[in-house]
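Trainee: Just dropping this structure here.
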Amino acid sequence: MGPDVWIPPEATAEQRAMLPEGISVHEVPADGDASALGRGEFLIADFHFDRVVRAMQTLRGLRVVQSMSAGVDSLLPLVPAGVTLCDAGGVHDISVSEWTVMAILAHCRNLPPLLDAQRRARWERTGGDDLEGKSVLILGYGSIGRALESRLLPFGVEIIRVANHAREGVHTRAELPGLLPKADVVVVLLPLTEQTRGLVDERFVDAMRPGALLVNPARGAIVNTDALLAALQAGRIRAALDVTDPEPLPDGHPLWTAPGALITPHIAGAVARAFERAWKLAGEQVRRYAAGEPLRNVVVDGY
């Protein structure tokens, strides 16, 4: 018999059908009671964080945890020693890159004040700008960054690629002070690690071109909220945020009403086909594990 694989109880028949044959499938209890869990080599972790953590700590013989999230900063410190964690890299490339294009275009064409005028039933015409000739700095040039680049290039933009490790055509983070003043748009696509926490601080924001747009669909804690808020209130930059720190953003927080801020509630990856893509990856990972093949997206040093 194949490996024991534990799955979320909400999995549909179509999702279960994406798992390979010859494995033993078990459901993590919907109520989160992990006291009766037995052996389980492979855990498919959905977005019920507390339930997933209890299952990780209870399953006997656990070898692999496959997350449905591309970011695993919350999960990583809680994974038991000796257990391999795999993220959902590639699953959210389309949705997050499309959200980012939407956010950039919304700012270029002054959509937020136009929507505000509509709510007030006022015919207030405001001008805007187009993307052609603009410079977009992608900070974190991985699979989402590549997907974003492919969607932005037809608009006639210049792409500045930045990653942790230098390679042909890609700058390193050490070069940011000289690159930030050249960018009309800065998109943050880094994972949250101890090295990236608070990376977008006062010095970072001050180095940005006046009037530039900061876009963050990654993790809120990569951006220092106080530094961002000060820059927004001073009118130095604008921002499009799908994530914040703290998150959820509390009622009455000054970031809600900061000038030049567009905020969505961490929904960049929330599209109808997200689970279909996640389950296709999970099924392939289970197949690889059962066959003794190398797994994809193994998390090393937070990536």
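Ordered as shown in the structure tokens, chains take letters A, B, and onward, while each chain numbers its residues from 1 and ligands are numbered from 1 in the order shown.
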Quick one: everything within 12 Å of stretch 246-248 of chain A, counting only C-alpha atoms, minus sequence neighbours fewer than 5 positions away in the same chain. Send it as a list in words.
Mentor: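 Returned residues: Arg219, Gly220, Ala221, Ile222, Val223, Asn224, Thr225, Asp226, Leu241, His253, Pro254, Leu255, Trp256, Ile263, Thr264, Pro265, His266 and Ile267 of chain A.
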Trainee: Take the residues just selected and output them with C-alpha atoms as a PDB file, in the first residue's frame.
Mentor:
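File produced: part-v8.pdb:
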ATOM      1  CA  ARG A 219       3.800  40.110   3.145  1.00  0.00           C
ATOM      2  CA  GLY A 220       2.913  43.157   5.211  1.00  0.00           C
ATOM      3  CA  ALA A 221       5.837  42.926   7.608  1.00  0.00           C
ATOM      4  CA  ILE A 222       8.343  43.436   4.785  1.00  0.00           C
ATOM      5  CA  VAL A 223       7.230  47.078   4.851  1.00  0.00           C
ATOM      6  CA  ASN A 224       7.709  49.270   7.927  1.00  0.00           C
ATOM      7  CA  THR A 225       4.215  50.679   8.396  1.00  0.00           C
ATOM      8  CA  ASP A 226       5.334  53.834  10.200  1.00  0.00           C
ATOM      9  CA  LEU A 241      -1.301  47.128  -0.655  1.00  0.00           C
ATOM     10  CA  HIS A 253      -5.977  52.622  11.506  1.00  0.00           C
ATOM     11  CA  PRO A 254      -4.531  55.729   9.792  1.00  0.00           C
ATOM     12  CA  LEU A 255      -3.347  53.656   6.836  1.00  0.00           C
ATOM     13  CA  TRP A 256      -6.989  53.230   5.754  1.00  0.00           C
ATOM     14  CA  ILE A 263      -5.806  48.683   0.087  1.00  0.00           C
ATOM     15  CA  THR A 264      -7.340  45.257  -0.548  1.00  0.00           C
ATOM     16  CA  PRO A 265      -7.749  42.582   2.185  1.00  0.00           C
ATOM     17  CA  HIS A 266      -5.121  39.982   1.175  1.00  0.00           C
ATOM     18  CA  ILE A 267      -7.098  38.695  -1.794  1.00  0.00           C
TER      19      ILE A 267
END
Trainee: Which residues are near stretch 133-142 of chain A? Cut-off 6 Å, only C-alpha atoms, ignore same chain within fewer than 6 positions. Put them as a list in words.
Mentor: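 What passes the distance filter is Gly156, Val157, Glu158, Ile159, Ile160, Arg161, Val162, Ala163, Ala183, Asp184, Val185, Val186, Val187, Val188, Leu189 and Leu190 of chain A.
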Trainee: At a cut-off of 9 Å, using only C-alpha atoms, what residues contact A:Ala88? Leave out same-chain residues fewer than 6 positions from it and give the result as an NGL selection string.
Mentor: :A and (66-72 or 278 or 281-282 or 297)
Trainee: Go ahead and save the picked residues with N, CA, C and O atoms, as a CSV table (one decimal), in the first residue's frame.
Mentor:
chain,number,residue,atom,x,y,z
A,66,GLN,N,2.9,19.7,2.5
A,66,GLN,CA,2.7,20.5,1.3
A,66,GLN,C,1.7,21.6,1.5
A,66,GLN,O,0.5,21.4,1.8
A,67,SER,N,2.2,22.9,1.5
A,67,SER,CA,1.4,24.0,1.8
A,67,SER,C,0.7,24.4,0.5
A,67,SER,O,1.2,24.2,-0.6
A,68,MET,N,-0.5,25.0,0.6
A,68,MET,CA,-1.2,25.6,-0.5
A,68,MET,C,-0.9,27.1,-0.7
A,68,MET,O,-1.5,27.7,-1.5
A,69,SER,N,-0.1,27.6,0.2
A,69,SER,CA,0.3,29.0,0.1
A,69,SER,C,1.7,29.1,-0.4
A,69,SER,O,2.6,28.3,-0.1
A,70,ALA,N,2.0,30.2,-1.2
A,70,ALA,CA,3.3,30.4,-1.6
A,70,ALA,C,4.2,30.9,-0.5
A,70,ALA,O,5.4,30.7,-0.5
A,71,GLY,N,3.6,31.7,0.4
A,71,GLY,CA,4.4,32.2,1.6
A,71,GLY,C,4.2,31.2,2.8
A,71,GLY,O,3.0,30.9,3.1
A,72,VAL,N,5.3,30.8,3.4
A,72,VAL,CA,5.2,29.9,4.5
A,72,VAL,C,5.8,30.4,5.7
A,72,VAL,O,6.3,29.6,6.6
A,278,ALA,N,-3.7,24.5,-6.9
A,278,ALA,CA,-3.1,24.0,-5.7
A,278,ALA,C,-3.2,22.5,-5.6
A,278,ALA,O,-2.2,21.8,-5.2
A,281,LEU,N,-0.9,20.7,-8.0
A,281,LEU,CA,0.5,20.6,-7.4
A,281,LEU,C,0.5,19.5,-6.3
A,281,LEU,O,1.5,18.7,-6.3
A,282,ALA,N,-0.4,19.5,-5.4
A,282,ALA,CA,-0.4,18.6,-4.3
A,282,ALA,C,-0.4,17.1,-4.9
A,282,ALA,O,0.3,16.3,-4.4
A,297,ASN,N,9.6,22.6,-5.0
A,297,ASN,CA,9.3,23.7,-4.0
A,297,ASN,C,9.7,23.4,-2.6
A,297,ASN,O,9.1,23.9,-1.6
Trainee: I'd like the neighbourhood of A:Ala55 as a list in words, where a residue qualifies if any of its atoms comes within 8 Å (using only C-alpha atoms), though same-chain residues fewer than 4 positions away should be ignored.
Mentor: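 My reading of the contact set: Val28, Gly32, Ala34, Leu37, Arg51 and Leu59 of chain A.
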Trainee: Would you export the selected residues with C-alpha atoms as a PDB file, in the first residue's frame, please?
Mentor:
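Okay, out.pdb is ready:
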ATOM      1  CA  VAL A  28      -7.903  15.845   9.117  1.00  0.00           C
ATOM      2  CA  GLY A  32      -9.304  20.449  14.667  1.00  0.00           C
ATOM      3  CA  ALA A  34      -5.914  15.926  16.315  1.00  0.00           C
ATOM      4  CA  LEU A  37      -4.668  10.991  14.347  1.00  0.00           C
ATOM      5  CA  ARG A  51      -5.814  22.856  12.384  1.00  0.00           C
ATOM      6  CA  LEU A  59       0.783  12.719  13.033  1.00  0.00           C
TER       7      LEU A  59
END
Trainee: Rank A:Ile44, A:Tyr303, A:Ile23, A:Arg173 by their smallest atom-to-atom distance to A:Pro9, using only C-alpha atoms, and report the top residue only.
Mentor: A:Ile44
Trainee: Please return as a ChimeraX atom specification: the residues of stretch 117-292 of chain A that backbone DSSP assigns to helix (DSSP H, G or I).
Mentor: /A:117-119,143-155,173-182,202-207,220-222,225-233,274-291
Trainee: So which one's closest to A:Ala81, A:Val65, A:Ala270, A:Met18, A:Val96? Using only C-alpha atoms, please.
Mentor: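 Result for the nearest residue to A:Ala81: A:Val65.
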Trainee: Could you pull the residues within 6 Å of A:Ala240, counting only C-alpha atoms, minus those fewer than 3 positions along the same chain, as a VMD selection string?
Mentor: chain A and resid 215 261 to 263
Trainee: Using backbone DSSP assignments, extract all strand (DSSP E or B) residues from stretch 43-82 of chain A; output them as a VMD selection string.
Mentor: chain A and resid 43 to 45 60 64 to 67
Trainee: Just the residues within 12 Å of A:Ala234, please, counting only C-alpha atoms, with nothing from its chain fewer than 3 positions along; format it as a PyMOL selection string.
Mentor: chain A and resi 205-206+210-211+227-231+237-238+258-260
Trainee: Those same residues, written as a PDB file, in the first residue's frame with N, CA and C atoms?
Mentor:
ATOM      1  N   VAL A 205      12.212  54.023   1.461  1.00  0.00           N
ATOM      2  CA  VAL A 205      11.174  54.908   0.925  1.00  0.00           C
ATOM      3  C   VAL A 205      11.760  56.245   0.483  1.00  0.00           C
ATOM      4  N   ASP A 206      12.694  56.773   1.268  1.00  0.00           N
ATOM      5  CA  ASP A 206      13.309  58.056   0.909  1.00  0.00           C
ATOM      6  C   ASP A 206      14.095  57.962  -0.398  1.00  0.00           C
ATOM      7  N   PRO A 210      10.207  60.568  -6.133  1.00  0.00           N
ATOM      8  CA  PRO A 210       9.000  61.268  -5.670  1.00  0.00           C
ATOM      9  C   PRO A 210       7.806  60.956  -6.566  1.00  0.00           C
ATOM     10  N   GLY A 211       6.696  60.593  -5.953  1.00  0.00           N
ATOM     11  CA  GLY A 211       5.498  60.246  -6.702  1.00  0.00           C
ATOM     12  C   GLY A 211       5.438  58.805  -7.157  1.00  0.00           C
ATOM     13  N   ALA A 227       7.066  54.016   8.496  1.00  0.00           N
ATOM     14  CA  ALA A 227       7.798  54.697   7.427  1.00  0.00           C
ATOM     15  C   ALA A 227       6.898  54.918   6.211  1.00  0.00           C
ATOM     16  N   LEU A 228       6.110  53.906   5.882  1.00  0.00           N
ATOM     17  CA  LEU A 228       5.199  54.029   4.743  1.00  0.00           C
ATOM     18  C   LEU A 228       4.143  55.099   5.008  1.00  0.00           C
ATOM     19  N   LEU A 229       3.567  55.065   6.195  1.00  0.00           N
ATOM     20  CA  LEU A 229       2.515  56.018   6.531  1.00  0.00           C
ATOM     21  C   LEU A 229       3.033  57.457   6.473  1.00  0.00           C
ATOM     22  N   ALA A 230       4.246  57.677   6.988  1.00  0.00           N
ATOM     23  CA  ALA A 230       4.822  59.024   6.961  1.00  0.00           C
ATOM     24  C   ALA A 230       5.020  59.503   5.527  1.00  0.00           C
ATOM     25  N   ALA A 231       5.482  58.609   4.662  1.00  0.00           N
ATOM     26  CA  ALA A 231       5.709  58.985   3.265  1.00  0.00           C
ATOM     27  C   ALA A 231       4.401  59.263   2.537  1.00  0.00           C
ATOM     28  N   ILE A 237       5.116  59.429  -1.859  1.00  0.00           N
ATOM     29  CA  ILE A 237       4.883  58.270  -2.706  1.00  0.00           C
ATOM     30  C   ILE A 237       3.415  57.881  -2.611  1.00  0.00           C
ATOM     31  N   ARG A 238       3.027  56.891  -3.419  1.00  0.00           N
ATOM     32  CA  ARG A 238       1.710  56.287  -3.341  1.00  0.00           C
ATOM     33  C   ARG A 238       1.892  54.801  -3.058  1.00  0.00           C
ATOM     34  N   ALA A 258      -4.960  57.070   4.488  1.00  0.00           N
ATOM     35  CA  ALA A 258      -3.747  57.757   4.042  1.00  0.00           C
ATOM     36  C   ALA A 258      -3.893  58.162   2.576  1.00  0.00           C
ATOM     37  N   PRO A 259      -3.484  59.373   2.238  1.00  0.00           N
ATOM     38  CA  PRO A 259      -3.597  59.810   0.835  1.00  0.00           C
ATOM     39  C   PRO A 259      -2.738  58.948  -0.078  1.00  0.00           C
ATOM     40  N   GLY A 260      -3.308  58.592  -1.222  1.00  0.00           N
ATOM     41  CA  GLY A 260      -2.548  57.819  -2.199  1.00  0.00           C
ATOM     42  C   GLY A 260      -2.458  56.337  -1.909  1.00  0.00           C
TER      43      GLY A 260
END
Trainee: Restricting the calculation to only C-alpha atoms, which member of A:Gln233, A:Thr172, A:Gln57, A:Thr12 is positioned closest to A:Leu75?
Mentor: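 Selected residue with least distance to A:Leu75: A:Gln57.
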